[in-house]
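To be precise, the following lines are start.txt, and they hold compact mmCIF, C-alpha atoms.
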```
# COMPACT_ATOMS: atom_id res chain seq x y z
CA MET D 1 108.62 108.25 110.02
CA ALA D 2 104.92 108.14 109.26
CA TYR D 3 103.76 110.79 106.83
CA PRO D 4 100.38 112.42 107.41
CA GLY D 5 97.64 110.19 106.08
CA TYR D 6 99.59 107.05 105.38
CA GLY D 7 102.24 104.78 106.80
CA ALA D 8 105.58 105.44 105.15
CA PRO D 9 108.30 102.82 105.33
CA PRO D 10 111.40 103.51 107.36
CA PRO D 11 114.75 103.25 105.54
CA GLY D 12 114.89 99.79 104.05
CA GLY D 13 111.11 99.42 104.18
CA TYR D 14 108.84 97.69 106.65
CA PRO D 15 109.84 94.20 107.78
CA GLY D 16 107.91 92.08 105.31
CA GLY D 17 106.74 95.08 103.34
CA PRO D 18 103.95 97.60 104.04
CA GLY D 19 100.56 96.27 104.98
CA GLY D 20 101.93 92.83 105.78
CA PHE D 21 103.00 91.92 102.25
CA PRO D 22 106.27 90.07 101.73
CA ALA D 23 108.88 92.38 100.25
CA GLN D 24 109.59 89.88 97.49
CA PRO D 25 107.32 86.91 96.78
CA GLN D 26 109.17 83.63 97.21
CA GLN D 27 109.40 81.68 93.98
CA THR D 28 108.77 77.96 94.40
CA GLN D 29 107.84 75.19 92.02
CA PRO D 30 104.06 75.64 91.74
CA GLN D 31 103.26 71.92 91.69
CA GLN D 32 105.03 71.49 95.06
CA ASP D 33 102.88 74.12 96.75
CA PRO D 34 99.72 72.94 98.58
CA LEU D 35 97.84 75.95 97.20
CA TYR D 36 98.50 74.95 93.62
CA GLY D 37 95.63 72.44 93.55
CA TYR D 38 93.08 75.10 94.46
CA PHE D 39 94.58 77.48 91.93
CA ALA D 40 94.92 74.97 89.08
CA SER D 41 91.38 73.67 89.53
CA VAL D 42 90.01 77.01 88.28
CA ALA D 43 92.89 78.56 86.32
CA GLY D 44 92.50 76.50 83.16
CA GLN D 45 95.03 76.16 80.36
CA ASP D 46 96.23 79.75 80.47
CA GLY D 47 97.36 79.48 84.10
CA GLN D 48 95.62 82.74 85.01
CA ILE D 49 92.51 83.44 87.06
CA SER D 50 90.01 86.25 86.73
CA ALA D 51 88.08 87.92 89.57
CA ASP D 52 85.18 85.46 89.46
CA GLU D 53 87.62 82.55 89.30
CA LEU D 54 89.55 84.01 92.23
CA GLN D 55 86.33 84.22 94.20
CA ARG D 56 85.62 80.56 93.50
CA CYS D 57 89.20 79.57 94.27
CA LEU D 58 89.26 81.41 97.61
CA THR D 59 85.91 79.91 98.55
CA GLN D 60 87.14 76.39 97.76
CA SER D 61 90.33 76.95 99.73
CA GLY D 62 88.34 77.96 102.80
CA ILE D 63 90.62 80.92 103.49
CA ALA D 64 87.72 82.99 104.85
CA GLY D 65 87.10 80.31 107.47
CA ALA D 66 83.87 80.93 109.35
CA TYR D 67 83.59 84.42 107.90
CA LYS D 68 81.47 85.34 104.91
CA PRO D 69 83.18 84.48 101.58
CA PHE D 70 84.76 87.31 99.61
CA SER D 71 82.58 89.36 97.30
CA LEU D 72 83.37 89.71 93.62
CA GLU D 73 84.29 93.38 94.15
CA THR D 74 86.82 92.45 96.83
CA CYS D 75 88.32 89.87 94.49
CA ARG D 76 88.66 92.50 91.76
CA LEU D 77 90.49 94.76 94.21
CA MET D 78 92.84 91.91 95.16
CA ILE D 79 93.75 91.25 91.54
CA ASN D 80 94.30 94.95 90.82
CA MET D 81 96.60 95.23 93.83
CA LEU D 82 99.00 92.59 92.47
CA ASP D 83 98.36 92.91 88.73
CA ARG D 84 101.85 94.03 87.72
CA ASP D 85 101.38 93.27 84.02
CA MET D 86 97.94 94.96 83.93
CA SER D 87 96.32 91.85 82.48
CA GLY D 88 93.32 91.89 84.79
CA THR D 89 94.15 88.35 85.89
CA MET D 90 96.37 86.66 88.45
CA GLY D 91 99.03 83.97 88.01
CA PHE D 92 99.99 81.39 90.60
CA HIS D 93 102.86 83.32 92.20
CA GLU D 94 100.61 86.36 92.60
CA PHE D 95 97.94 84.09 94.06
CA ARG D 96 100.47 82.65 96.50
CA GLU D 97 101.56 86.14 97.53
CA LEU D 98 97.92 87.10 98.02
CA SER D 99 97.27 84.00 100.10
CA GLN D 100 100.15 84.84 102.44
CA VAL D 101 98.91 88.33 103.16
CA LEU D 102 95.27 87.27 103.41
CA ASN D 103 96.21 84.81 106.11
CA GLY D 104 98.03 87.60 107.94
CA TRP D 105 95.10 89.97 107.63
CA LYS D 106 92.72 87.22 108.74
CA GLN D 107 94.77 86.62 111.88
CA HIS D 108 94.79 90.35 112.49
CA PHE D 109 91.01 90.52 112.12
CA MET D 110 90.45 87.53 114.40
CA ALA D 111 92.64 89.15 117.07
CA ILE D 112 90.43 92.27 117.19
CA ASP D 113 87.15 90.36 116.72
CA ARG D 114 87.27 89.23 120.33
CA ASP D 115 83.59 88.41 120.62
CA HIS D 116 83.75 86.30 117.42
CA SER D 117 80.84 88.24 115.96
CA GLY D 118 82.47 88.45 112.54
CA THR D 119 82.57 92.26 112.75
CA VAL D 120 84.70 94.94 114.39
CA GLU D 121 83.75 98.36 115.74
CA GLY D 122 85.27 101.72 114.86
CA HIS D 123 87.79 101.89 117.70
CA GLU D 124 88.93 98.34 116.94
CA MET D 125 89.29 99.23 113.28
CA GLN D 126 91.35 102.28 114.18
CA HIS D 127 93.70 100.11 116.24
CA ALA D 128 93.96 97.60 113.39
CA ILE D 129 94.77 100.28 110.82
CA SER D 130 97.41 101.85 113.08
CA SER D 131 99.07 98.52 113.78
CA LEU D 132 99.33 97.91 110.02
CA GLY D 133 101.47 101.05 109.79
CA TYR D 134 98.94 103.61 108.54
CA ASN D 135 98.77 106.97 110.31
CA LEU D 136 95.28 108.25 109.54
CA SER D 137 93.60 111.36 110.88
CA PRO D 138 90.19 111.13 112.61
CA GLN D 139 88.70 112.41 109.36
CA GLY D 140 90.42 109.61 107.45
CA MET D 141 89.07 107.02 109.88
CA ASN D 142 85.60 108.52 109.61
CA ALA D 143 85.80 108.17 105.83
CA ILE D 144 86.73 104.50 106.24
CA MET D 145 83.82 103.90 108.59
CA ARG D 146 81.38 105.63 106.23
CA ARG D 147 82.63 103.56 103.30
CA TYR D 148 83.00 100.12 104.90
CA SER D 149 80.80 99.89 108.00
CA THR D 150 77.20 98.82 108.42
CA HIS D 151 75.58 100.21 111.56
CA GLY D 152 79.02 101.10 112.89
CA ARG D 153 80.57 97.66 112.38
CA ILE D 154 82.90 96.30 109.67
CA GLY D 155 82.73 92.69 108.51
CA PHE D 156 85.64 90.54 107.38
CA ASP D 157 85.10 91.01 103.66
CA ASP D 158 84.93 94.79 104.04
CA PHE D 159 87.97 94.73 106.35
CA ILE D 160 89.97 92.99 103.61
CA SER D 161 88.66 95.43 100.99
CA CYS D 162 89.76 98.32 103.16
CA CYS D 163 93.25 96.84 103.71
CA VAL D 164 93.67 96.25 99.98
CA LYS D 165 92.51 99.77 99.15
CA LEU D 166 94.76 101.39 101.75
CA ARG D 167 97.81 99.51 100.52
CA SER D 168 97.13 100.26 96.86
CA LEU D 169 96.40 103.95 97.40
CA SER D 170 99.39 104.35 99.73
CA ASN D 171 101.71 102.75 97.21
CA ALA D 172 100.40 105.01 94.44
CA PHE D 173 100.82 108.07 96.67
CA GLN D 174 104.31 107.11 97.82
CA ALA D 175 105.43 106.56 94.23
CA ARG D 176 104.57 110.19 93.51
CA ASP D 177 105.84 111.62 96.81
CA THR D 178 109.41 111.68 95.55
CA SER D 179 110.60 114.14 98.21
CA ARG D 180 109.04 112.06 101.01
CA GLN D 181 107.31 115.11 102.46
CA GLY D 182 103.79 113.70 102.59
CA ALA D 183 102.68 115.58 99.47
CA ALA D 184 102.21 114.36 95.92
CA THR D 185 101.13 115.90 92.61
CA PHE D 186 98.59 114.08 90.45
CA ARG D 187 97.43 115.02 87.00
CA TYR D 188 93.67 114.61 86.66
CA ASP D 189 93.87 111.58 84.37
CA ASP D 190 96.52 110.00 86.60
CA PHE D 191 94.30 110.55 89.65
CA ILE D 192 91.34 108.89 87.91
CA GLN D 193 93.48 105.92 86.87
CA VAL D 194 94.78 105.43 90.41
CA CYS D 195 91.32 105.66 91.95
CA MET D 196 89.74 103.32 89.39
CA SER D 197 92.48 100.71 89.61
CA THR D 198 92.47 100.40 93.41
```
The structure in this file should be written as structure tokens.
Amino acid sequence: MAYPGYGAPPPGGYPGGPGGFPAQPQQTQPQQDPLYGYFASVAGQDGQISADELQRCLTQSGIAGAYKPFSLETCRLMINMLDRDMSGTMGFHEFRELSQVLNGWKQHFMAIDRDHSGTVEGHEMQHAISSLGYNLSPQGMNAIMRRYSTHGRIGFDDFISCCVKLRSLSNAFQARDTSRQGAATFRYDDFIQVCMST
């Protein structure tokens, strides 16, 4: 059942988790993972990476492919989405989880970017959002286009930012929608914290 304004998981949750995220990140020995070299080259002694380090790491890994590299703001959003200990940084297992979903979102973007222009139009974006499990009204889609499009088209970096934001906001909403009726109560300070951390 999809609640108005966001995709709600069916009993047991979405296969793989909402928005394409694995339900539980797989724990492997970091040194055995091919991604570890990219991560370790910028993480330093503390084994954590900040937003600017994540940007450098993702650029070195080539995960954006032919698309424009991720902006610093997008990297901040990515860290906030997975920052369970509220440290403002990301460890390797969080980075691995992020890499998995980024690859999924990239494939999704490439599938709708049929002319290989590096951008998608509004109707393509609407299809992409719906297929990720989000049930947005026309007004919600218009808000997305106003926020993320340039001349009616959304680039890869902004597409990822939008996906991250939708997932984070939906999770925050669902956590407060205890009756699963599509309605949640936020105190003002709580609302500000949610908006600023997504």
| request: Give the answer as one residue: which of D:Ser161, D:Gln193, D:Ser130, D:Ser117 has the shortest atom-to-atom distance to D:Ser71, using only C-alpha atoms? | output: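 Nearest to D:Ser71: D:Ser161.
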Each residue of stretch 174-198 of chain D with at least one atom at most 12 Å from stretch 78-99 of chain D should appear once, together with its nearest atom pair and the corresponding distance in Å (one decimal); atoms considered: only C-alpha atoms; ordering: chain, then increasing residue number; output as a Markdown table.
```
| residue | atom | partner | partner_atom | distance |
| --- | --- | --- | --- | --- |
| D:Gln193 | CA | D:Asn80 | CA | 11.7 |
| D:Val194 | CA | D:Asn80 | CA | 10.5 |
| D:Cys195 | CA | D:Asn80 | CA | 11.2 |
| D:Met196 | CA | D:Asn80 | CA | 9.6 |
| D:Ser197 | CA | D:Asn80 | CA | 6.2 |
| D:Thr198 | CA | D:Asn80 | CA | 6.3 |
```
| request: Select all residues near (83.1, 92.3, 104.8) (cut-off 9 Å, inclusive, file coordinates), counting all atoms listed in the file, and output them as number ranges by chain. | output: D: 67-71, 74, 118-119, 148-149, 154-161
| field | Residue nearest D:Lys106 - candidates D:Ala172, D:Cys163, D:Met145, D:Ala183, atoms counted: all atoms listed in the file | value | D:Cys163
| task | Pick out the closest residue to D:Ile144 from this set: D:Glu121, D:Asp33, D:Asp115, D:Asp52. Count only C-alpha atoms. | result |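 The shortest atom-to-atom distance to D:Ile144 comes from D:Glu121.
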| field | Residue with smallest distance to D:Leu72 - pool D:Ser179, D:Gln139, D:Gln107, D:Thr59, counting only C-alpha atoms | value |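 Among D:Ser179, D:Gln139, D:Gln107, D:Thr59, it is D:Thr59 that comes nearest to D:Leu72.
Going from atom CA of D:Leu102 to atom CA of D:Asp177 covers 27.4 Å.
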| message | Report, in Å with one decimal, the straight-line distance from atom CA of D:Met125 to atom CA of D:Leu166. | response | 12.9 Å
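Across the structure, atom CA of D:Ala111 and atom CA of D:Ala64 are spaced 14.5 Å apart.
Among the candidates D:Arg153, D:Leu54, D:Gly122, D:Arg114, the one nearest to D:Gly140 when counting only C-alpha atoms is D:Gly122.
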| message | Would you pick out the contacts of D:Val42 at 10 Å or less, using all atoms listed in the file, so that residues sharing its chain but fewer than 6 positions from it are not included, and give the list as a list in words? | response | Gln48, Ile49, Ser50, Asp52, Glu53, Leu54, Arg56, Cys57 and Gln60 of chain D
